[in-house]
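Text of work.cif, listed as mmCIF, C-alpha atoms:
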```cif
data_work
#
loop_
_atom_site.group_PDB
_atom_site.id
_atom_site.type_symbol
_atom_site.label_atom_id
_atom_site.label_comp_id
_atom_site.auth_asym_id
_atom_site.auth_seq_id
_atom_site.Cartn_x
_atom_site.Cartn_y
_atom_site.Cartn_z
ATOM 1 C CA MET R 444 -100.273 20.118 -9.491
ATOM 2 C CA GLU R 445 -100.004 23.839 -8.773
ATOM 3 C CA LEU R 446 -97.525 25.653 -6.562
ATOM 4 C CA ARG R 447 -100.403 27.123 -4.523
ATOM 5 C CA GLU R 448 -101.707 23.605 -3.838
ATOM 6 C CA LEU R 449 -98.274 22.446 -2.717
ATOM 7 C CA ARG R 450 -97.974 25.382 -0.338
ATOM 8 C CA ASN R 451 -101.401 24.683 1.112
ATOM 9 C CA PHE R 452 -100.524 20.993 1.490
ATOM 10 C CA MET R 453 -97.397 22.027 3.406
ATOM 11 C CA ARG R 454 -99.513 24.209 5.706
ATOM 12 C CA VAL R 455 -101.846 21.260 6.479
ATOM 13 C CA ALA R 456 -98.854 18.986 7.117
ATOM 14 C CA ARG R 457 -97.311 21.455 9.558
ATOM 15 C CA ALA R 458 -100.595 22.273 11.304
ATOM 16 C CA GLY R 459 -101.617 18.607 11.625
ATOM 17 C CA SER R 460 -105.201 19.663 10.977
ATOM 18 C CA VAL R 461 -107.149 20.705 7.887
ATOM 19 C CA SER R 462 -109.406 23.021 9.912
ATOM 20 C CA ARG R 463 -106.458 24.726 11.630
ATOM 21 C CA ALA R 464 -104.618 25.156 8.323
ATOM 22 C CA ALA R 465 -107.757 26.578 6.708
ATOM 23 C CA GLN R 466 -107.989 29.181 9.481
ATOM 24 C CA GLU R 467 -104.321 30.133 9.038
ATOM 25 C CA LEU R 468 -104.769 30.394 5.259
ATOM 26 C CA ARG R 469 -108.164 32.145 5.591
ATOM 27 C CA LEU R 470 -109.734 29.547 3.321
ATOM 28 C CA ALA R 471 -112.969 27.651 3.680
ATOM 29 C CA GLN R 472 -112.219 24.204 5.077
ATOM 30 C CA PRO R 473 -114.175 22.364 2.317
ATOM 31 C CA ALA R 474 -112.123 24.175 -0.344
ATOM 32 C CA LEU R 475 -108.858 23.167 1.324
ATOM 33 C CA SER R 476 -110.071 19.583 1.724
ATOM 34 C CA ARG R 477 -110.877 19.487 -2.008
ATOM 35 C CA GLN R 478 -107.333 20.647 -2.825
ATOM 36 C CA ILE R 479 -105.877 17.835 -0.728
ATOM 37 C CA ARG R 480 -108.166 15.255 -2.354
ATOM 38 C CA LYS R 481 -107.205 16.593 -5.801
ATOM 39 C CA LEU R 482 -103.509 16.130 -4.988
ATOM 40 C CA GLU R 483 -104.151 12.625 -3.703
ATOM 41 C CA HIS R 484 -106.120 11.805 -6.869
ATOM 42 C CA GLU R 485 -103.358 13.145 -9.141
ATOM 43 C CA LEU R 486 -100.674 11.186 -7.308
ATOM 44 C CA GLY R 487 -102.752 8.073 -6.721
ATOM 45 C CA VAL R 488 -101.830 7.850 -3.045
ATOM 46 C CA SER R 489 -103.150 8.948 0.335
ATOM 47 C CA LEU R 490 -101.114 11.848 1.692
ATOM 48 C CA PHE R 491 -102.587 11.815 5.194
ATOM 49 C CA THR R 492 -104.051 9.386 7.676
ATOM 50 C CA ARG R 493 -106.974 10.799 9.601
ATOM 51 C CA HIS R 494 -107.422 10.525 13.363
ATOM 52 C CA GLY R 495 -109.629 12.098 16.009
ATOM 53 C CA ARG R 496 -107.435 15.156 16.547
ATOM 54 C CA GLY R 497 -106.589 15.905 12.939
ATOM 55 C CA VAL R 498 -104.336 14.377 10.279
ATOM 56 C CA ARG R 499 -100.926 12.749 10.160
ATOM 57 C CA LEU R 500 -98.636 12.462 7.115
ATOM 58 C CA SER R 501 -98.511 9.081 5.414
ATOM 59 C CA THR R 502 -95.222 7.738 4.069
ATOM 60 C CA ALA R 503 -96.077 9.180 0.650
ATOM 61 C CA GLY R 504 -97.102 12.454 2.292
ATOM 62 C CA SER R 505 -93.757 12.731 4.079
ATOM 63 C CA LEU R 506 -91.950 12.283 0.761
ATOM 64 C CA LEU R 507 -94.134 14.897 -0.930
ATOM 65 C CA LEU R 508 -93.524 17.342 1.941
ATOM 66 C CA GLU R 509 -89.775 16.997 1.487
ATOM 67 C CA ARG R 510 -90.069 17.544 -2.274
ATOM 68 C CA ALA R 511 -92.517 20.422 -1.841
ATOM 69 C CA GLU R 512 -90.113 22.206 0.513
ATOM 70 C CA THR R 513 -87.386 21.867 -2.117
ATOM 71 C CA ILE R 514 -89.629 23.133 -4.921
ATOM 72 C CA THR R 515 -90.928 26.148 -3.017
ATOM 73 C CA HIS R 516 -87.401 26.971 -1.842
ATOM 74 C CA LEU R 517 -86.102 26.892 -5.438
ATOM 75 C CA VAL R 518 -88.971 29.068 -6.678
ATOM 76 C CA HIS R 519 -88.348 31.573 -3.904
ATOM 77 C CA GLN R 520 -84.586 31.516 -4.454
ATOM 78 C CA ALA R 521 -85.028 32.124 -8.184
ATOM 79 C CA GLY R 522 -86.733 35.400 -7.378
ATOM 80 C CA GLU R 523 -84.032 36.356 -4.877
ATOM 81 C CA ASP R 524 -81.197 35.541 -7.278
ATOM 82 C CA ILE R 525 -82.365 37.928 -9.990
ATOM 83 C CA LYS R 526 -82.785 40.884 -7.657
ATOM 84 C CA ASP R 527 -80.187 43.604 -7.507
ATOM 85 C CA ASP R 528 -77.138 42.679 -5.392
ATOM 86 C CA GLY R 529 -77.473 45.994 -3.581
ATOM 87 C CA VAL R 530 -80.755 44.923 -1.958
ATOM 88 C CA PRO R 531 -80.293 43.424 1.534
ATOM 89 C CA ALA R 532 -80.428 39.600 1.449
ATOM 90 C CA ARG R 533 -83.811 38.060 2.166
ATOM 91 C CA GLY R 534 -85.281 34.598 1.847
ATOM 92 C CA ARG R 535 -83.797 31.364 3.105
ATOM 93 C CA LEU R 536 -80.432 29.603 3.139
ATOM 94 C CA THR R 537 -80.026 25.921 4.028
ATOM 95 C CA LEU R 538 -76.778 24.673 5.567
ATOM 96 C CA GLY R 539 -76.021 20.969 5.976
ATOM 97 C CA VAL R 540 -73.612 19.870 8.701
ATOM 98 C CA PRO R 541 -72.347 16.567 10.145
ATOM 99 C CA PRO R 542 -73.216 15.999 13.829
ATOM 100 C CA ALA R 543 -69.894 16.645 15.604
ATOM 101 C CA ALA R 544 -68.708 19.559 13.468
ATOM 102 C CA GLY R 545 -72.205 21.010 13.555
ATOM 103 C CA ARG R 546 -72.288 21.191 17.348
ATOM 104 C CA LEU R 547 -69.022 23.110 17.311
ATOM 105 C CA LEU R 548 -69.582 25.631 14.555
ATOM 106 C CA VAL R 549 -73.356 26.183 14.328
ATOM 107 C CA PRO R 550 -73.756 28.479 17.399
ATOM 108 C CA LEU R 551 -71.048 30.938 16.331
ATOM 109 C CA PHE R 552 -71.966 30.680 12.646
ATOM 110 C CA ALA R 553 -75.678 31.311 13.308
ATOM 111 C CA GLU R 554 -74.850 34.318 15.480
ATOM 112 C CA ARG R 555 -72.666 35.893 12.785
ATOM 113 C CA PHE R 556 -75.026 34.927 9.956
ATOM 114 C CA HIS R 557 -78.002 36.698 11.493
ATOM 115 C CA ALA R 558 -75.901 39.722 12.357
ATOM 116 C CA ALA R 559 -74.949 39.986 8.678
ATOM 117 C CA TRP R 560 -78.308 38.994 7.108
ATOM 118 C CA PRO R 561 -81.089 39.579 9.650
ATOM 119 C CA SER R 562 -83.811 39.245 6.998
ATOM 120 C CA THR R 563 -82.658 35.802 5.814
ATOM 121 C CA THR R 564 -83.955 32.595 7.407
ATOM 122 C CA LEU R 565 -81.199 30.103 8.223
ATOM 123 C CA HIS R 566 -82.298 26.461 7.874
ATOM 124 C CA LEU R 567 -79.969 23.867 9.433
ATOM 125 C CA ARG R 568 -79.942 20.186 8.437
ATOM 126 C CA GLU R 569 -77.805 17.483 10.037
ATOM 127 C CA GLY R 570 -76.575 14.392 8.218
ATOM 128 C CA VAL R 571 -73.630 12.192 7.355
ATOM 129 C CA THR R 572 -71.429 13.162 4.409
ATOM 130 C CA SER R 573 -73.039 10.761 1.919
ATOM 131 C CA SER R 574 -76.514 12.150 2.666
ATOM 132 C CA LEU R 575 -75.353 15.769 2.670
ATOM 133 C CA GLN R 576 -73.655 15.334 -0.701
ATOM 134 C CA GLU R 577 -76.822 13.816 -2.153
ATOM 135 C CA TRP R 578 -78.902 16.703 -0.784
ATOM 136 C CA LEU R 579 -76.510 19.218 -2.353
ATOM 137 C CA LEU R 580 -76.749 17.563 -5.761
ATOM 138 C CA GLU R 581 -80.550 17.520 -5.490
ATOM 139 C CA LYS R 582 -80.531 21.195 -4.391
ATOM 140 C CA ARG R 583 -82.238 20.356 -1.114
ATOM 141 C CA ILE R 584 -79.473 22.250 0.704
ATOM 142 C CA ASP R 585 -77.394 25.210 -0.490
ATOM 143 C CA ILE R 586 -74.044 24.623 1.194
ATOM 144 C CA ALA R 587 -72.527 21.933 3.394
ATOM 145 C CA ILE R 588 -69.638 20.956 5.618
ATOM 146 C CA LEU R 589 -68.422 17.535 4.428
ATOM 147 C CA HIS R 590 -65.782 15.059 5.616
ATOM 148 C CA ASN R 591 -63.563 13.643 2.833
ATOM 149 C CA PRO R 592 -66.043 14.135 -0.026
ATOM 150 C CA PRO R 593 -65.108 12.270 -3.211
ATOM 151 C CA ALA R 594 -64.334 14.501 -6.180
ATOM 152 C CA HIS R 595 -67.434 15.284 -8.225
ATOM 153 C CA GLU R 596 -67.626 17.434 -11.344
ATOM 154 C CA ALA R 597 -70.791 19.159 -10.103
ATOM 155 C CA LEU R 598 -69.333 20.188 -6.730
ATOM 156 C CA ASP R 599 -66.972 22.978 -5.690
ATOM 157 C CA ILE R 600 -64.963 21.530 -2.773
ATOM 158 C CA ARG R 601 -62.885 23.887 -0.584
ATOM 159 C CA HIS R 602 -60.531 22.304 2.000
ATOM 160 C CA ILE R 603 -60.468 24.156 5.314
ATOM 161 C CA LEU R 604 -58.974 21.932 8.015
ATOM 162 C CA ARG R 605 -57.939 18.464 9.081
ATOM 163 C CA GLU R 606 -59.099 16.611 12.179
ATOM 164 C CA ARG R 607 -57.042 13.873 13.748
ATOM 165 C CA MET R 608 -58.762 10.480 14.073
ATOM 166 C CA LEU R 609 -58.521 8.719 17.433
ATOM 167 C CA VAL R 610 -59.248 5.291 18.858
ATOM 168 C CA VAL R 611 -62.119 5.630 21.327
ATOM 169 C CA THR R 612 -62.327 3.253 24.293
ATOM 170 C CA PRO R 613 -64.296 3.006 27.538
ATOM 171 C CA ALA R 614 -62.726 5.276 30.145
ATOM 172 C CA SER R 615 -62.242 2.271 32.429
ATOM 173 C CA VAL R 616 -59.885 0.595 29.930
ATOM 174 C CA ARG R 617 -56.189 1.405 30.227
ATOM 175 C CA ILE R 618 -54.463 0.830 26.923
ATOM 176 C CA LYS R 619 -50.885 -0.302 26.641
ATOM 177 C CA THR R 620 -49.962 -1.457 23.159
ATOM 178 C CA ARG R 621 -46.828 -3.309 22.171
ATOM 179 C CA LYS R 622 -45.034 -0.239 20.833
ATOM 180 C CA HIS R 623 -46.599 2.747 22.576
ATOM 181 C CA PRO R 624 -48.002 3.030 26.097
ATOM 182 C CA ALA R 625 -50.791 5.413 25.072
ATOM 183 C CA ALA R 626 -51.237 5.231 21.297
ATOM 184 C CA PHE R 627 -52.000 2.816 18.463
ATOM 185 C CA ARG R 628 -50.112 2.190 15.288
ATOM 186 C CA ILE R 629 -52.166 1.593 12.149
ATOM 187 C CA SER R 630 -50.717 -1.911 12.159
ATOM 188 C CA GLU R 631 -52.311 -2.582 15.562
ATOM 189 C CA LEU R 632 -55.858 -1.678 14.570
ATOM 190 C CA GLY R 633 -56.461 -5.204 13.292
ATOM 191 C CA ASP R 634 -56.217 -6.475 16.882
ATOM 192 C CA LEU R 635 -59.229 -4.429 18.023
ATOM 193 C CA PRO R 636 -62.935 -5.376 17.992
ATOM 194 C CA LEU R 637 -64.175 -2.320 16.103
ATOM 195 C CA ILE R 638 -67.526 -0.560 15.955
ATOM 196 C CA LEU R 639 -67.636 1.428 12.699
ATOM 197 C CA PRO R 640 -70.240 2.619 10.171
ATOM 198 C CA ASN R 641 -70.791 0.695 6.964
ATOM 199 C CA MET R 642 -68.774 1.263 3.805
ATOM 200 C CA ALA R 643 -71.190 3.909 2.509
ATOM 201 C CA HIS R 644 -69.671 6.294 5.074
ATOM 202 C CA ASN R 645 -66.570 8.212 4.043
ATOM 203 C CA ASN R 646 -64.797 7.852 7.397
ATOM 204 C CA ARG R 647 -65.178 4.058 7.254
ATOM 205 C CA ARG R 648 -63.574 4.076 3.813
ATOM 206 C CA LEU R 649 -60.803 6.333 5.172
ATOM 207 C CA VAL R 650 -59.983 3.852 7.947
ATOM 208 C CA GLU R 651 -60.240 0.844 5.614
ATOM 209 C CA HIS R 652 -57.919 2.487 3.079
ATOM 210 C CA ALA R 653 -55.294 3.255 5.719
ATOM 211 C CA ALA R 654 -55.500 -0.305 7.047
ATOM 212 C CA HIS R 655 -55.231 -1.779 3.554
ATOM 213 C CA GLU R 656 -52.132 0.299 2.797
ATOM 214 C CA HIS R 657 -50.444 -1.261 5.842
ATOM 215 C CA GLY R 658 -51.602 -4.787 5.160
ATOM 216 C CA VAL R 659 -54.076 -4.766 8.048
ATOM 217 C CA ARG R 660 -57.431 -6.510 7.987
ATOM 218 C CA LEU R 661 -59.875 -4.788 10.318
ATOM 219 C CA ARG R 662 -62.038 -6.829 12.670
ATOM 220 C CA ILE R 663 -65.487 -5.221 12.510
ATOM 221 C CA LYS R 664 -67.574 -6.440 15.418
ATOM 222 C CA ILE R 665 -70.576 -4.129 14.936
ATOM 223 C CA GLU R 666 -71.555 -1.770 12.117
ATOM 224 C CA ALA R 667 -73.203 1.324 13.612
ATOM 225 C CA ASP R 668 -74.095 4.120 11.210
ATOM 226 C CA SER R 669 -74.829 6.551 14.046
ATOM 227 C CA VAL R 670 -72.029 8.245 16.007
ATOM 228 C CA ALA R 671 -74.319 8.271 19.044
ATOM 229 C CA PHE R 672 -74.872 4.504 18.740
ATOM 230 C CA ALA R 673 -71.146 3.849 18.363
ATOM 231 C CA LYS R 674 -70.312 5.878 21.478
ATOM 232 C CA ALA R 675 -73.017 4.155 23.527
ATOM 233 C CA LEU R 676 -71.766 0.730 22.460
ATOM 234 C CA VAL R 677 -68.185 1.628 23.354
ATOM 235 C CA GLU R 678 -69.305 2.881 26.773
ATOM 236 C CA LYS R 679 -70.912 -0.541 27.315
ATOM 237 C CA GLY R 680 -67.560 -2.208 26.619
ATOM 238 C CA LEU R 681 -68.694 -3.890 23.379
ATOM 239 C CA GLY R 682 -65.735 -2.706 21.326
ATOM 240 C CA TYR R 683 -63.729 0.325 20.190
ATOM 241 C CA THR R 684 -64.495 2.941 17.558
ATOM 242 C CA ILE R 685 -62.500 5.540 15.596
ATOM 243 C CA LEU R 686 -63.703 9.148 15.705
ATOM 244 C CA THR R 687 -62.452 12.718 15.904
ATOM 245 C CA TYR R 688 -62.005 14.436 19.250
ATOM 246 C CA ALA R 689 -64.898 16.788 18.440
ATOM 247 C CA ALA R 690 -67.249 13.795 18.355
ATOM 248 C CA VAL R 691 -66.350 12.624 21.880
ATOM 249 C CA GLN R 692 -65.110 15.662 23.797
ATOM 250 C CA GLU R 693 -68.183 15.778 26.050
ATOM 251 C CA GLU R 694 -67.819 12.093 26.975
ATOM 252 C CA VAL R 695 -64.088 12.506 27.559
ATOM 253 C CA ALA R 696 -64.814 15.460 29.869
ATOM 254 C CA ARG R 697 -67.346 13.312 31.771
ATOM 255 C CA LYS R 698 -64.785 10.476 31.866
ATOM 256 C CA THR R 699 -67.101 7.935 30.264
ATOM 257 C CA LEU R 700 -64.843 7.539 27.213
ATOM 258 C CA ALA R 701 -61.105 7.815 26.589
ATOM 259 C CA VAL R 702 -59.187 8.526 23.380
ATOM 260 C CA TYR R 703 -55.820 7.377 22.063
ATOM 261 C CA PRO R 704 -53.973 8.810 19.057
ATOM 262 C CA ILE R 705 -53.132 6.760 15.988
ATOM 263 C CA VAL R 706 -49.433 7.011 15.095
ATOM 264 C CA ARG R 707 -47.024 5.918 12.380
ATOM 265 C CA PRO R 708 -48.735 7.349 10.457
ATOM 266 C CA THR R 709 -51.331 9.632 11.975
ATOM 267 C CA LEU R 710 -54.821 9.290 10.542
ATOM 268 C CA SER R 711 -56.824 12.440 9.812
ATOM 269 C CA THR R 712 -60.079 13.395 8.139
ATOM 270 C CA GLN R 713 -60.391 16.345 5.760
ATOM 271 C CA VAL R 714 -63.131 18.895 6.529
ATOM 272 C CA THR R 715 -64.413 20.847 3.527
ATOM 273 C CA ILE R 716 -66.964 23.491 2.555
ATOM 274 C CA VAL R 717 -68.949 22.367 -0.490
ATOM 275 C CA THR R 718 -71.374 24.076 -2.855
ATOM 276 C CA LEU R 719 -72.594 23.304 -6.330
ATOM 277 C CA ARG R 720 -70.149 24.303 -9.055
ATOM 278 C CA ASP R 721 -72.128 27.134 -10.628
ATOM 279 C CA LYS R 722 -70.890 30.295 -12.341
ATOM 280 C CA GLN R 723 -74.146 32.001 -11.300
ATOM 281 C CA LEU R 724 -73.805 31.113 -7.601
ATOM 282 C CA PRO R 725 -75.767 33.761 -5.653
ATOM 283 C CA LYS R 726 -73.770 36.452 -3.901
ATOM 284 C CA LEU R 727 -75.224 35.341 -0.546
ATOM 285 C CA LEU R 728 -73.759 31.851 -1.009
ATOM 286 C CA HIS R 729 -70.307 33.248 -1.798
ATOM 287 C CA GLN R 730 -70.459 35.357 1.345
ATOM 288 C CA THR R 731 -71.798 32.472 3.453
ATOM 289 C CA ARG R 732 -68.930 30.260 2.305
ATOM 290 C CA ASP R 733 -66.456 32.958 3.382
ATOM 291 C CA LEU R 734 -68.235 33.291 6.734
ATOM 292 C CA LEU R 735 -68.113 29.524 7.334
ATOM 293 C CA HIS R 736 -64.396 29.519 6.587
ATOM 294 C CA ASP R 737 -63.816 32.403 8.991
ATOM 295 C CA VAL R 738 -65.836 30.702 11.752
ATOM 296 C CA CYS R 739 -63.810 27.493 11.338
ATOM 297 C CA ARG R 740 -60.547 29.430 11.512
ATOM 298 C CA THR R 741 -61.724 31.166 14.684
ATOM 299 C CA LEU R 742 -62.679 27.869 16.364
ATOM 300 C CA VAL R 743 -59.322 26.288 15.545
ATOM 301 C CA ARG R 744 -57.245 29.286 16.604
ATOM 302 C CA ASN R 745 -59.025 29.723 19.939
ATOM 303 C CA LYS R 746 -58.672 25.954 20.528
ATOM 304 C CA THR R 747 -62.419 25.332 20.687
ATOM 305 C CA TRP R 748 -62.030 22.839 17.826
ATOM 306 C CA THR R 749 -59.580 20.533 19.605
ATOM 307 C CA GLY R 750 -57.602 18.197 17.372
ATOM 308 C CA ALA R 751 -58.094 20.310 14.248
ATOM 309 C CA GLN R 752 -55.403 21.935 12.114
ATOM 310 C CA LEU R 753 -56.016 24.563 9.434
ATOM 311 C CA ASP R 754 -54.949 23.718 5.882
#
```
Written as C-alpha cells, that's how I'd like the structure from this file.
Amino acid sequence: MELRELRNFMRVARAGSVSRAAQELRLAQPALSRQIRKLEHELGVSLFTRHGRGVRLSTAGSLLLERAETITHLVHQAGEDIKDDGVPARGRLTLGVPPAAGRLLVPLFAERFHAAWPSTTLHLREGVTSSLQEWLLEKRIDIAILHNPPAHEALDIRHILRERMLVVTPASVRIKTRKHPAAFRISELGDLPLILPNMAHNNRRLVEHAAHEHGVRLRIKIEADSVAFAKALVEKGLGYTILTYAAVQEEVARKTLAVYPIVRPTLSTQVTIVTLRDKQLPKLLHQTRDLLHDVCRTLVRNKTWTGAQLD
C-alpha cells in the first residue's frame, strides 16, 4: 500500500466517481481503477459499492478513508515540523470541540486563527470528550477542548474555566422544591426522572459522583448520548436533564426550556485545552493553544460564555 494510492483513493471517495477523480488527478481512468482494485485485493475487502451515478464508500472504505486522512496528515505534518520556525505556518491543523463549547468559541477562534496563519487549513471536528480524547491519542486531531478529562500520562491538560451545571426542564414547568423556590439541592436530584448520557460520558460520571457523595441514587429514565436528543426529550416533557447554560441558551431564549441552578453544593464542569504531551510539540500548536486560551478568556469576560468562570 503506497501513499500515492491512498491519496488517489481519497480523491475517488470525495468525488464519488472514478471517472471524475481520474479527471481531477489527470490520470487515465483504467489506471485509477486498477489502483483501487489493487487496494481492495491487498485488504481483502470491497472499498466501494458501485451504482449508476458513480461509487459510494462501503463500511470498510469509510474506515480506510478515516485512517488515510490521518496518515496523510501525519506525513504532511512531519514535513512542516522540520521546517525553519521562521517560515510562515502552512499545512493543516485539526481542532476537536464538544458541541456546546464549539458553537461559542469556533467563530471567534477561526477568525483569529486565519488572521494569524492565513496559509494554514483549519479542520474542525465535533465530538464528546471520550471520543475527542481517543482521537487525540490516535493523532487524528492535534488539539481539543475537553470537559473533565481523566488524567493521562500521554496528555498535557490545561484548565481554563469552569461551567456551572444546571437542571434543565420544559419551560412550561414551574419548579418549587422543598428548600428553594428556584433551585435544586444535590440531595433533591434523586427525586427527578433524569435524561442523561451513559456512563462512558464524563459529565454523567460527574453527576453520578456528586450524587454518590451525598448519598443520592439517581433515577435515570432515559439514557441519551446526544445533547440534542436530551433537549428534545425534555421539551416533550419526558424528564429533566443536567447541562451547562451554553448547551441550552438558544432554547432558553426561545422559552422552550428553562434552567435551575444546583446548590449546596454547586455542580460545575471543568473545561480544558488538551494536547499530546510532547517535548517536540510544533510551534504552531503552542501558539494555537495560547490563542484558544485567549479566545475563551474573551468570551467569558464579555459575558458571551454565560455561566462560565475563569480558573
Query raised in the report: Which residues fall under the PyMOL selection byres ((chain R and resi 578) around 12) in this file, as a PyMOL selection string?
Result: chain R and resi 509-510+513+537-540+568-577+579-587+589+598+717-719
Output of the above residues as a compact mmCIF listing (two decimals), keeping the file's coordinate frame, restricted to C-alpha atoms:
```txt
# COMPACT_ATOMS: atom_id res chain seq x y z
CA GLU R 509 -89.78 17.00 1.49
CA ARG R 510 -90.07 17.54 -2.27
CA THR R 513 -87.39 21.87 -2.12
CA THR R 537 -80.03 25.92 4.03
CA LEU R 538 -76.78 24.67 5.57
CA GLY R 539 -76.02 20.97 5.98
CA VAL R 540 -73.61 19.87 8.70
CA ARG R 568 -79.94 20.19 8.44
CA GLU R 569 -77.81 17.48 10.04
CA GLY R 570 -76.58 14.39 8.22
CA VAL R 571 -73.63 12.19 7.36
CA THR R 572 -71.43 13.16 4.41
CA SER R 573 -73.04 10.76 1.92
CA SER R 574 -76.51 12.15 2.67
CA LEU R 575 -75.35 15.77 2.67
CA GLN R 576 -73.66 15.33 -0.70
CA GLU R 577 -76.82 13.82 -2.15
CA LEU R 579 -76.51 19.22 -2.35
CA LEU R 580 -76.75 17.56 -5.76
CA GLU R 581 -80.55 17.52 -5.49
CA LYS R 582 -80.53 21.20 -4.39
CA ARG R 583 -82.24 20.36 -1.11
CA ILE R 584 -79.47 22.25 0.70
CA ASP R 585 -77.39 25.21 -0.49
CA ILE R 586 -74.04 24.62 1.19
CA ALA R 587 -72.53 21.93 3.39
CA LEU R 589 -68.42 17.54 4.43
CA LEU R 598 -69.33 20.19 -6.73
CA VAL R 717 -68.95 22.37 -0.49
CA THR R 718 -71.37 24.08 -2.86
CA LEU R 719 -72.59 23.30 -6.33
```
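Reported to one decimal place, the separation of CA of Trp560 in chain R from CA of Leu727 in chain R is 9.0 Å.
With all atoms listed in the file as the atoms that count, the residue of R:Val616, R:Leu551, R:Ile685, R:Ala671 with the shortest distance to Leu639 in chain R is R:Ile685.
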Report summary line: For Glu554 in chain R, the closest of R:Val738, R:Ile716, R:Val518, R:Ile629 counting all atoms listed in the file is R:Val738
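Among the candidate residues R:Ile514, R:Arg740, R:Glu656, R:Thr731, the one lying nearest to Leu565 in chain R is R:Thr731, with distances computed using all atoms listed in the file.
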Would you mind listing what lies within 7 Å of Ser476 in chain R as a PDB file with C-alpha atoms, in the frame of the given file, with only C-alpha atoms counted and same-chain residues fewer than 4 positions away left out?
```pdb
ATOM      1  CA  VAL R 461    -107.149  20.705   7.887  1.00  0.00           C
ATOM      2  CA  GLN R 472    -112.219  24.204   5.077  1.00  0.00           C
ATOM      3  CA  ARG R 480    -108.166  15.255  -2.354  1.00  0.00           C
TER       4      ARG R 480
END
```
Report task. Could you tell me which of R:Val702, R:Leu547, R:Leu753, R:Leu742 comes closest to Pro613 in chain R if we count all atoms listed in the file? Result -> R:Val702
Report task. Could you tell me how far CA of Thr699 in chain R lies from CA of Phe672 in chain R, in Å and to one decimal? Result -> 14.3 Å
Query - Nearby residues, (-42.9, 5.1, 12.0) file frame, 12 Å, all atoms listed in the file, as a ChimeraX atom specification - result: /R:622-623,627-630,657,705-709
Find the residues near Ala464 in chain R: any atom within 12 Å, counting all atoms listed in the file, skip ones fewer than 6 places away on the same chain, and give them as a PDB file with C-alpha atoms, in the frame of the given file.
```pdb
ATOM      1  CA  ARG R 450     -97.974  25.382  -0.338  1.00  0.00           C
ATOM      2  CA  ASN R 451    -101.401  24.683   1.112  1.00  0.00           C
ATOM      3  CA  PHE R 452    -100.524  20.993   1.490  1.00  0.00           C
ATOM      4  CA  MET R 453     -97.397  22.027   3.406  1.00  0.00           C
ATOM      5  CA  ARG R 454     -99.513  24.209   5.706  1.00  0.00           C
ATOM      6  CA  VAL R 455    -101.846  21.260   6.479  1.00  0.00           C
ATOM      7  CA  ALA R 456     -98.854  18.986   7.117  1.00  0.00           C
ATOM      8  CA  ARG R 457     -97.311  21.455   9.558  1.00  0.00           C
ATOM      9  CA  ALA R 458    -100.595  22.273  11.304  1.00  0.00           C
ATOM     10  CA  LEU R 470    -109.734  29.547   3.321  1.00  0.00           C
ATOM     11  CA  ALA R 471    -112.969  27.651   3.680  1.00  0.00           C
ATOM     12  CA  GLN R 472    -112.219  24.204   5.077  1.00  0.00           C
ATOM     13  CA  PRO R 473    -114.175  22.364   2.317  1.00  0.00           C
ATOM     14  CA  ALA R 474    -112.123  24.175  -0.344  1.00  0.00           C
ATOM     15  CA  LEU R 475    -108.858  23.167   1.324  1.00  0.00           C
ATOM     16  CA  SER R 476    -110.071  19.583   1.724  1.00  0.00           C
ATOM     17  CA  ILE R 479    -105.877  17.835  -0.728  1.00  0.00           C
ATOM     18  CA  GLY R 497    -106.589  15.905  12.939  1.00  0.00           C
ATOM     19  CA  VAL R 498    -104.336  14.377  10.279  1.00  0.00           C
TER      20      VAL R 498
END
```
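Residues selected in this file by the PyMOL selection byres ((chain R and resi 637) around 7) comprise Leu635, Pro636, Ile638, Leu639, Arg662, Ile663, Lys664, Ile665, Gly682, Tyr683 and Thr684 of chain R.
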Query - Who sits within 10 Å of Ala654 in chain R, all atoms listed in the file, same chain under 3 positions skipped, as an MDAnalysis selection string - result: chainID R and resid 629:633 648:651 657:661
Report summary line: Using only C-alpha atoms, the best pick from R:Leu482, R:Leu536, R:Ala465, R:Ile600 as closest to Gln713 in chain R would be R:Ile600
Can you find the residues with an atom no farther than 9 Å from (-63.5, 2.9, 28.4), counting all atoms listed in the file, and report them as a short mmCIF file (atom, residue, chain, number, x, y, z; two decimals) with C-alpha atoms, in the coordinates of the input?
```
data_model
loop_
_atom_site.label_atom_id
_atom_site.label_comp_id
_atom_site.auth_asym_id
_atom_site.auth_seq_id
_atom_site.Cartn_x
_atom_site.Cartn_y
_atom_site.Cartn_z
CA VAL R 611 -62.12 5.63 21.33
CA THR R 612 -62.33 3.25 24.29
CA PRO R 613 -64.30 3.01 27.54
CA ALA R 614 -62.73 5.28 30.14
CA SER R 615 -62.24 2.27 32.43
CA VAL R 616 -59.88 0.60 29.93
CA ARG R 617 -56.19 1.40 30.23
CA VAL R 677 -68.18 1.63 23.35
CA GLU R 678 -69.31 2.88 26.77
CA LYS R 679 -70.91 -0.54 27.32
CA GLY R 680 -67.56 -2.21 26.62
CA TYR R 683 -63.73 0.32 20.19
CA LYS R 698 -64.78 10.48 31.87
CA THR R 699 -67.10 7.94 30.26
CA LEU R 700 -64.84 7.54 27.21
CA ALA R 701 -61.10 7.82 26.59
CA VAL R 702 -59.19 8.53 23.38
#
```
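Our summary of the geometry notes that CA of Pro725 in chain R is positioned 19.4 Å from CA of Glu512 in chain R.
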Query raised in the report: Could you write out as a ChimeraX atom specification the residues that the PyMOL selection byres ((chain R and resi 503) around 12) matches in the shown file?
Result: /R:482-483,486-492,499-502,504-510
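For the choices R:Gln730, R:Gly534, R:Glu693, R:His516, the atom-to-atom distance to Thr563 in chain R is smallest for R:Gly534 when using all atoms listed in the file.
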